[in-house]
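Novice: Here it is: the structure, laid out below.
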Amino acid sequence: MLLSIPISSSAQLPLHNSYSFLNQSPNFRTSLSLLRRRSLLFKSRRFSLFPRLFSSSITAAISLSAGSNLVEQLDSSPSSESRADDDSPEFPTERFDFDSSLESTELRRFDSPTVAVKELDELPEQWRRAKLAWLCKELPAHNQGTLIRMLNAQRKWMRQHDAVYVVVHCVRIRENETAFRVYKWMMQQYWFQFDFALATKLADYMGKERKYLKCREIFDDILNQGRVPSESTFHILIVAYLSSSAEGCLEEACNIFTRMIQLGGYKPRLSLHNSLFRAFVSKPGNSSKHYLTQAEFIFHNLTTSGLEIHKHIYGSLIWLHSYQDVVDMERISSLRAEMQSKGFEESREVLISVLRACSKYGDLEEAEKTWNKLFSFDKNPPSQAFVYGMELYAKVGEPMKSLGLFRTMQELLGSTSVMAYHKIVEVLSKAQNQELAESLMVEFINSGLKPLTPSFINLMDMYSNLGVHDKLESAFLQSLEKCLPNRTMYNIYLDSLVQVGSLERAEEIFSQMHGDATIGVNARSCNTILKGYLSCGAYVKAEKMHGFMRHKNYDIEPSLKEKLDYVLSLTRNVVKTPPKLKLNEDQREILVGMLLGGLRIVSSQENRKFAMCFEFKENSGIHSVLRKHIHDEFHEWLECRDSVDGSDDVPCHFTTIPHSCFSFYAEQFWPNSRPAIPKLIHRWLSPRILAYWYMYGGYRTSRGDILLKLKGSRESLVKILKALKTKSLENRVKRKGSVFWIGFQGGNAFRFWNLVEPFILDDLKVILQAGAVSPYEMAETRAINFDSGSDYDENASD
């Protein structure tokens, strides 16, 4: 930590003869004069609001209360990257149309505590006034390292009231970042006494600047002191979390909201309830459905508090219910009845949500009523309404009505959506209507719409169930021409080859899957090929496959266990204990690259071992490909394996088991639970490490530049830059908050790409290739301009 760095005597400011020195310094006299004029200006404009409780004769007060409009417009959706051939069968971009005007309906101010501080002209010592004036002028102009050294040089005379004055002055002139650093410095001094009012004001100002991490840090300090944060701090911290599109911020906002009610006993305002609801439904449906419990809690609090409930609150709650895997139709009916009793008309989004719920629940009668109401409301309903109708008819066993509804949609809308084609091919394939399914698939291919992957999977499933293996193979080969490689399609084809006894071809396909990092193998693939070995008597190969599955911790299907035990007993190689886990060379380099890109390490309190916490962005096409590969690569290390074995659904967050193998990485990259860069990083930066750093924590801009994100200290940055320079990779550095962005432009970007390309996953090479034009650019990198030069100069001092 910077606060613990020893300061050399040459870096300290002289403290002896300070009165005469400061009196003779024109800079100090100018600073003192400027501060006095500023103080008079604040008083004349009624800005001098801090009470002078240290003086019995003269008092003043400053109110650093929260702004009147505490809930600002939230981003409707985080910027995201998507693959050109996404195989999701749902509507990833469907969002509820929530009225943003509901977010700021209350303008009354919060009750705010006052901070006790002296004015500068009340201090009895001239040298103390001069030093404080100098600090107030100089500190905002310096970076964190210099600021800490300057404060450390004043430790002999500086006390609590002096530091409080500096913090208050920085807040007055809106230098809140400097105020926060001074506050954190004073917390580490022996004379520090907790000041609830000061902590509250500083937390509120950090939150209003949307610096939710710093606001949360002060918030936790208040709790650690046994105090309950004020209502303003709760409110502003929640809004700060909601204003960020970072992973996990919405969950933290919900947790703070719950603590605001249960711990603080406060009654959150209507605007805060509305903002939370809007944040829930601003995400795609499959992502937002996980927030139903929090939404019901907020709705209950709205009801019990007697606050006004707008129709969009009802609509968004019905919308969340309709996306659940198991739909509660009784709850939806009660919400609709409550809306009707209050005179709210059901919007188009509500009716579509009801259709979605009916299609999952199988309620044909209610769906037809809702459809008629929707058609009277809108003569051209959206395509997803037709899709839900097709799904419902298929569920009640009438696939031809689904086809009729599909043709009706084509006539009414004059076009057909990708999701409609996906659904009708799925319906006809499950109904095993081979002729119609094939004709619709040809129509879909000729339309030029994409992606085709879900429909090819449904078609191949139909062929597999019908035992038409020649057509299945033809569909598989056609899918390789039209779509990106997909593990599910490979698994279906592999199973077909084993069924017809074409084991040699099955081995080729399995080897191809295992050798392609973007496809990979899973428990289903291994069980299929193991079944083929056992059925044809290839016991040696079956034994080798069993060893591979034991190493990857894949579960063996119960139907194969009895015969496999017999085969293993023939060679007396029945081993009950699992193999010892050990990281291979590729896994070690992958971990280093991802740790540079922001991978977290968590510790186990029980056995003091460490685990890797893999976190991927849900809406990122790059991360959707990478997480499948990482899940396969570290499958034997994962905590929860059975939940995803046999399927291709990989969660966005998964954690390894705590193991001693990760202790080395924890010591090097996460000492004291904080990210750091090892001293020997220059020896480790291999092309594979750089490639995984780029895929996990890097971006390519629309101009073709390559950016790498790095969190750490300035010293950490120096190590990385020196290591990159040895590889002839010139770069520029920009700092944005606590993150350094290392940028490679022009020829340097091409050199970096040529170095890492052999280790980039095949599906990501088009997206990440240097120099290519990209339609995607992350929001956090748009404000970074490397044309203005680098923020780092290795010849410059702090």
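Following the order of the structure tokens, first chain is A, next is B, and so on, with residues numbered from 1 inside each chain and ligands from 1 in the order they appear.
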Within 10 Å of stretch 655-668 of chain A, counting only C-alpha atoms, which residues qualify if same-chain residues fewer than 2 places away don't, as a PyMOL selection string?

Specialist: chain A and resi 581-583+588+591-592+595+600-604+606-615+631+634-641+653+670-681

Novice: Just want the 8 Å neighbourhood of A:Cys136, counted on only C-alpha atoms, with same-chain residues fewer than 5 positions away dropped. Output as a ChimeraX atom specification.

Specialist: /A:166,169-170

Novice: For atom CA of A:Tyr566 and atom CA of A:Ile492, quote the distance in Å rounded to one decimal.

Specialist: 27.7 Å

Novice: I need the residues of stretch 558-639 of chain A that end up classed as alpha helix (DSSP H) by DSSP on the backbone, written out as number ranges by chain.

Specialist: A: 558-570, 585-596, 621-633

Novice: Residues as selected, C-alpha atoms, written as a tab-separated table (two decimals), in the first residue's frame, can you do that?

Specialist:
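Now in selection_31.tsv:
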chain	number	residue	atom	x	y	z
A	558	PRO	CA	-24.81	-45.78	-15.47
A	559	SER	CA	-25.60	-48.02	-18.46
A	560	LEU	CA	-21.87	-48.29	-19.25
A	561	LYS	CA	-20.50	-48.80	-15.73
A	562	GLU	CA	-21.19	-52.54	-15.44
A	563	LYS	CA	-19.48	-53.47	-18.69
A	564	LEU	CA	-16.63	-51.02	-18.03
A	565	ASP	CA	-15.98	-52.58	-14.61
A	566	TYR	CA	-15.73	-55.97	-16.30
A	567	VAL	CA	-13.23	-54.64	-18.85
A	568	LEU	CA	-11.10	-53.02	-16.16
A	569	SER	CA	-11.15	-56.19	-14.07
A	570	LEU	CA	-9.56	-58.10	-16.96
A	585	GLU	CA	1.93	-26.13	-18.82
A	586	ASP	CA	-0.93	-24.79	-20.96
A	587	GLN	CA	-3.16	-24.34	-17.92
A	588	ARG	CA	-0.43	-22.44	-16.07
A	589	GLU	CA	0.06	-20.01	-18.94
A	590	ILE	CA	-3.70	-19.54	-19.36
A	591	LEU	CA	-4.01	-18.64	-15.67
A	592	VAL	CA	-1.20	-16.07	-15.87
A	593	GLY	CA	-2.76	-14.42	-18.92
A	594	MET	CA	-6.22	-14.26	-17.35
A	595	LEU	CA	-4.82	-13.00	-14.05
A	596	LEU	CA	-3.27	-10.09	-15.95
A	621	GLY	CA	-19.68	-12.50	-27.72
A	622	ILE	CA	-15.94	-12.85	-27.08
A	623	HIS	CA	-16.49	-14.06	-23.53
A	624	SER	CA	-19.27	-16.45	-24.60
A	625	VAL	CA	-16.74	-18.32	-26.76
A	626	LEU	CA	-13.90	-18.04	-24.26
A	627	ARG	CA	-15.87	-19.29	-21.27
A	628	LYS	CA	-16.79	-22.56	-23.02
A	629	HIS	CA	-13.13	-23.14	-23.82
A	630	ILE	CA	-11.99	-22.31	-20.27
A	631	HIS	CA	-14.72	-24.50	-18.79
A	632	ASP	CA	-13.47	-27.45	-20.85
A	633	GLU	CA	-9.80	-26.69	-20.16

Novice: With only C-alpha atoms as the counted atoms, please give the residues lying no more than 12 Å from A:Asp204, apart from itself and same-chain residues fewer than 4 positions off, as a count of residues only.

Specialist: 38

Novice: Can you pull out every residue within 9 Å of A:Phe456, counting only C-alpha atoms, but drop anything in the same chain fewer than 2 positions away, and send it as a count of residues only?

Specialist: 14

Novice: Can you tell me which residues surround A:Ile519 at a distance of at most 10 Å, considering only C-alpha atoms, apart from same-chain residues fewer than 2 positions away, and format the answer as a ChimeraX atom specification?

Specialist: /A:484-488,490,512-517,521-522,625,628-629,632,761-763

Novice: Atoms to include: C-alpha atoms. Write the selected residues as a PDB file, in the first residue's frame.

Specialist:
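Just written: selection-v5.pdb:
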ATOM      1  CA  LEU A 484     -19.851 -21.798 -37.051  1.00  0.00           C
ATOM      2  CA  PRO A 485     -18.755 -25.116 -35.465  1.00  0.00           C
ATOM      3  CA  ASN A 486     -21.053 -26.171 -32.657  1.00  0.00           C
ATOM      4  CA  ARG A 487     -20.426 -28.895 -30.090  1.00  0.00           C
ATOM      5  CA  THR A 488     -24.063 -30.001 -29.936  1.00  0.00           C
ATOM      6  CA  TYR A 490     -20.890 -32.652 -33.395  1.00  0.00           C
ATOM      7  CA  GLN A 512     -11.383 -33.149 -34.439  1.00  0.00           C
ATOM      8  CA  MET A 513     -13.544 -31.972 -31.549  1.00  0.00           C
ATOM      9  CA  HIS A 514     -10.769 -32.474 -29.024  1.00  0.00           C
ATOM     10  CA  GLY A 515      -8.230 -30.646 -31.178  1.00  0.00           C
ATOM     11  CA  ASP A 516     -10.439 -27.601 -31.841  1.00  0.00           C
ATOM     12  CA  ALA A 517     -10.498 -25.340 -28.771  1.00  0.00           C
ATOM     13  CA  VAL A 521     -15.371 -32.401 -25.835  1.00  0.00           C
ATOM     14  CA  ASN A 522     -17.557 -32.892 -22.794  1.00  0.00           C
ATOM     15  CA  VAL A 625     -16.738 -18.324 -26.758  1.00  0.00           C
ATOM     16  CA  LYS A 628     -16.786 -22.557 -23.024  1.00  0.00           C
ATOM     17  CA  HIS A 629     -13.131 -23.144 -23.816  1.00  0.00           C
ATOM     18  CA  ASP A 632     -13.466 -27.447 -20.849  1.00  0.00           C
ATOM     19  CA  LEU A 761      -9.385 -19.204 -30.539  1.00  0.00           C
ATOM     20  CA  ASP A 762     -10.522 -19.710 -34.126  1.00  0.00           C
ATOM     21  CA  ASP A 763     -13.990 -18.235 -33.557  1.00  0.00           C
TER      22      ASP A 763
END

Novice: Considering only C-alpha atoms, can you say which of A:Ile332, A:Leu764, A:Ala538, A:Ile261 comes closest to A:Cys358?

Specialist: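 With only C-alpha atoms as the atom set, the closest residue is A:Ile332.
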
Novice: With only C-alpha atoms as the counted atoms, please give the residues lying no more than 9 Å from A:Ser417, apart from itself and same-chain residues fewer than 3 positions off, as a list in words.

Specialist: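 Within the cut-off, the hits are Ser383, Gln384, Ala420, Tyr421, His422 and Leu449 of chain A.
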
Novice: Output N, CA, C and O atoms for every residue in that selection, as a CSV table (one decimal), in the first residue's frame.

Specialist:
chain,number,residue,atom,x,y,z
A,383,SER,N,-43.4,-9.9,-33.9
A,383,SER,CA,-43.2,-11.3,-34.3
A,383,SER,C,-43.1,-12.2,-33.1
A,383,SER,O,-43.5,-13.4,-33.3
A,384,GLN,N,-42.7,-11.8,-32.0
A,384,GLN,CA,-42.5,-12.7,-30.8
A,384,GLN,C,-43.9,-13.2,-30.4
A,384,GLN,O,-44.0,-14.3,-29.8
A,420,ALA,N,-38.8,-16.8,-35.5
A,420,ALA,CA,-40.0,-17.5,-36.0
A,420,ALA,C,-39.6,-18.7,-36.8
A,420,ALA,O,-40.2,-19.8,-36.6
A,421,TYR,N,-38.6,-18.6,-37.6
A,421,TYR,CA,-38.0,-19.7,-38.3
A,421,TYR,C,-37.5,-20.8,-37.3
A,421,TYR,O,-37.7,-22.0,-37.5
A,422,HIS,N,-36.8,-20.3,-36.3
A,422,HIS,CA,-36.3,-21.3,-35.3
A,422,HIS,C,-37.4,-22.1,-34.7
A,422,HIS,O,-37.3,-23.3,-34.5
A,449,LEU,N,-31.2,-15.3,-43.7
A,449,LEU,CA,-31.2,-14.9,-42.3
A,449,LEU,C,-30.3,-15.9,-41.5
A,449,LEU,O,-30.1,-17.0,-41.9

Novice: In Å to one decimal, how far is atom CA of A:Tyr205 from atom CA of A:Lys131?

Specialist: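 Between atom CA of A:Lys131 and atom CA of A:Tyr205 the gap is 25.7 Å.
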
Novice: Can you tell me which residues surround A:Ala394 at a distance of at most 10 Å, considering only C-alpha atoms, apart from same-chain residues fewer than 5 positions away, and format the answer as a PyMOL selection string?

Specialist: chain A and resi 359+362+388-389+399-403+423-424+426-428+430-431

Novice: What does the file look like for those residues with N, CA, C and O atoms, as a PDB file, in the first residue's frame?

Specialist:
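Just written: again-v9.pdb:
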ATOM      1  N   SER A 359     -47.727 -19.689 -23.144  1.00  0.00           N
ATOM      2  CA  SER A 359     -47.040 -20.671 -23.977  1.00  0.00           C
ATOM      3  C   SER A 359     -46.220 -21.636 -23.147  1.00  0.00           C
ATOM      4  O   SER A 359     -46.057 -22.804 -23.499  1.00  0.00           O
ATOM      5  N   GLY A 362     -49.075 -23.626 -20.974  1.00  0.00           N
ATOM      6  CA  GLY A 362     -49.992 -24.430 -21.777  1.00  0.00           C
ATOM      7  C   GLY A 362     -51.443 -24.036 -21.629  1.00  0.00           C
ATOM      8  O   GLY A 362     -52.341 -24.869 -21.806  1.00  0.00           O
ATOM      9  N   TYR A 388     -44.769 -17.116 -29.686  1.00  0.00           N
ATOM     10  CA  TYR A 388     -45.352 -17.700 -28.476  1.00  0.00           C
ATOM     11  C   TYR A 388     -46.611 -18.481 -28.805  1.00  0.00           C
ATOM     12  O   TYR A 388     -46.894 -19.523 -28.197  1.00  0.00           O
ATOM     13  N   GLY A 389     -47.382 -17.990 -29.778  1.00  0.00           N
ATOM     14  CA  GLY A 389     -48.560 -18.740 -30.202  1.00  0.00           C
ATOM     15  C   GLY A 389     -48.196 -20.068 -30.831  1.00  0.00           C
ATOM     16  O   GLY A 389     -48.834 -21.102 -30.570  1.00  0.00           O
ATOM     17  N   PRO A 399     -49.406 -29.080 -34.063  1.00  0.00           N
ATOM     18  CA  PRO A 399     -48.318 -28.413 -34.790  1.00  0.00           C
ATOM     19  C   PRO A 399     -48.773 -27.760 -36.089  1.00  0.00           C
ATOM     20  O   PRO A 399     -48.161 -26.781 -36.533  1.00  0.00           O
ATOM     21  N   MET A 400     -49.852 -28.274 -36.727  1.00  0.00           N
ATOM     22  CA  MET A 400     -50.306 -27.667 -37.971  1.00  0.00           C
ATOM     23  C   MET A 400     -50.882 -26.274 -37.735  1.00  0.00           C
ATOM     24  O   MET A 400     -50.804 -25.405 -38.608  1.00  0.00           O
ATOM     25  N   LYS A 401     -51.470 -26.057 -36.578  1.00  0.00           N
ATOM     26  CA  LYS A 401     -51.929 -24.706 -36.241  1.00  0.00           C
ATOM     27  C   LYS A 401     -50.734 -23.770 -36.058  1.00  0.00           C
ATOM     28  O   LYS A 401     -50.831 -22.580 -36.352  1.00  0.00           O
ATOM     29  N   SER A 402     -49.627 -24.325 -35.566  1.00  0.00           N
ATOM     30  CA  SER A 402     -48.412 -23.508 -35.466  1.00  0.00           C
ATOM     31  C   SER A 402     -47.950 -23.079 -36.842  1.00  0.00           C
ATOM     32  O   SER A 402     -47.567 -21.922 -37.058  1.00  0.00           O
ATOM     33  N   LEU A 403     -48.001 -24.009 -37.805  1.00  0.00           N
ATOM     34  CA  LEU A 403     -47.610 -23.670 -39.167  1.00  0.00           C
ATOM     35  C   LEU A 403     -48.562 -22.633 -39.764  1.00  0.00           C
ATOM     36  O   LEU A 403     -48.129 -21.697 -40.459  1.00  0.00           O
ATOM     37  N   LYS A 423     -38.461 -21.357 -34.319  1.00  0.00           N
ATOM     38  CA  LYS A 423     -39.561 -22.002 -33.605  1.00  0.00           C
ATOM     39  C   LYS A 423     -40.336 -22.968 -34.499  1.00  0.00           C
ATOM     40  O   LYS A 423     -40.656 -24.087 -34.069  1.00  0.00           O
ATOM     41  N   ILE A 424     -40.643 -22.582 -35.747  1.00  0.00           N
ATOM     42  CA  ILE A 424     -41.455 -23.467 -36.584  1.00  0.00           C
ATOM     43  C   ILE A 424     -40.662 -24.710 -36.989  1.00  0.00           C
ATOM     44  O   ILE A 424     -41.225 -25.823 -37.060  1.00  0.00           O
ATOM     45  N   GLU A 426     -38.367 -26.058 -35.123  1.00  0.00           N
ATOM     46  CA  GLU A 426     -38.338 -26.846 -33.895  1.00  0.00           C
ATOM     47  C   GLU A 426     -39.651 -27.599 -33.702  1.00  0.00           C
ATOM     48  O   GLU A 426     -39.660 -28.790 -33.354  1.00  0.00           O
ATOM     49  N   VAL A 427     -40.768 -26.920 -33.922  1.00  0.00           N
ATOM     50  CA  VAL A 427     -42.078 -27.540 -33.727  1.00  0.00           C
ATOM     51  C   VAL A 427     -42.270 -28.713 -34.677  1.00  0.00           C
ATOM     52  O   VAL A 427     -42.687 -29.814 -34.280  1.00  0.00           O
ATOM     53  N   LEU A 428     -41.988 -28.511 -35.959  1.00  0.00           N
ATOM     54  CA  LEU A 428     -42.195 -29.569 -36.945  1.00  0.00           C
ATOM     55  C   LEU A 428     -41.204 -30.710 -36.755  1.00  0.00           C
ATOM     56  O   LEU A 428     -41.527 -31.880 -37.028  1.00  0.00           O
ATOM     57  N   LYS A 430     -39.897 -31.709 -33.816  1.00  0.00           N
ATOM     58  CA  LYS A 430     -40.349 -32.493 -32.659  1.00  0.00           C
ATOM     59  C   LYS A 430     -41.598 -33.309 -32.991  1.00  0.00           C
ATOM     60  O   LYS A 430     -41.818 -34.381 -32.416  1.00  0.00           O
ATOM     61  N   ALA A 431     -42.414 -32.782 -33.916  1.00  0.00           N
ATOM     62  CA  ALA A 431     -43.580 -33.540 -34.366  1.00  0.00           C
ATOM     63  C   ALA A 431     -43.195 -34.615 -35.372  1.00  0.00           C
ATOM     64  O   ALA A 431     -44.065 -35.383 -35.820  1.00  0.00           O
TER      65      ALA A 431
END

Novice: Nearest residue to A:Asp363 out of A:Arg688, A:Lys342, A:Lys395, A:Lys580, using only C-alpha atoms?

Specialist: A:Lys395

Novice: Would you compute the distance between atom CA of A:Met339 and atom CA of A:Phe386? Give it in Å to one decimal.

Specialist: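 If I compute the distance from atom CA of A:Met339 to atom CA of A:Phe386, I get 24.9 Å.
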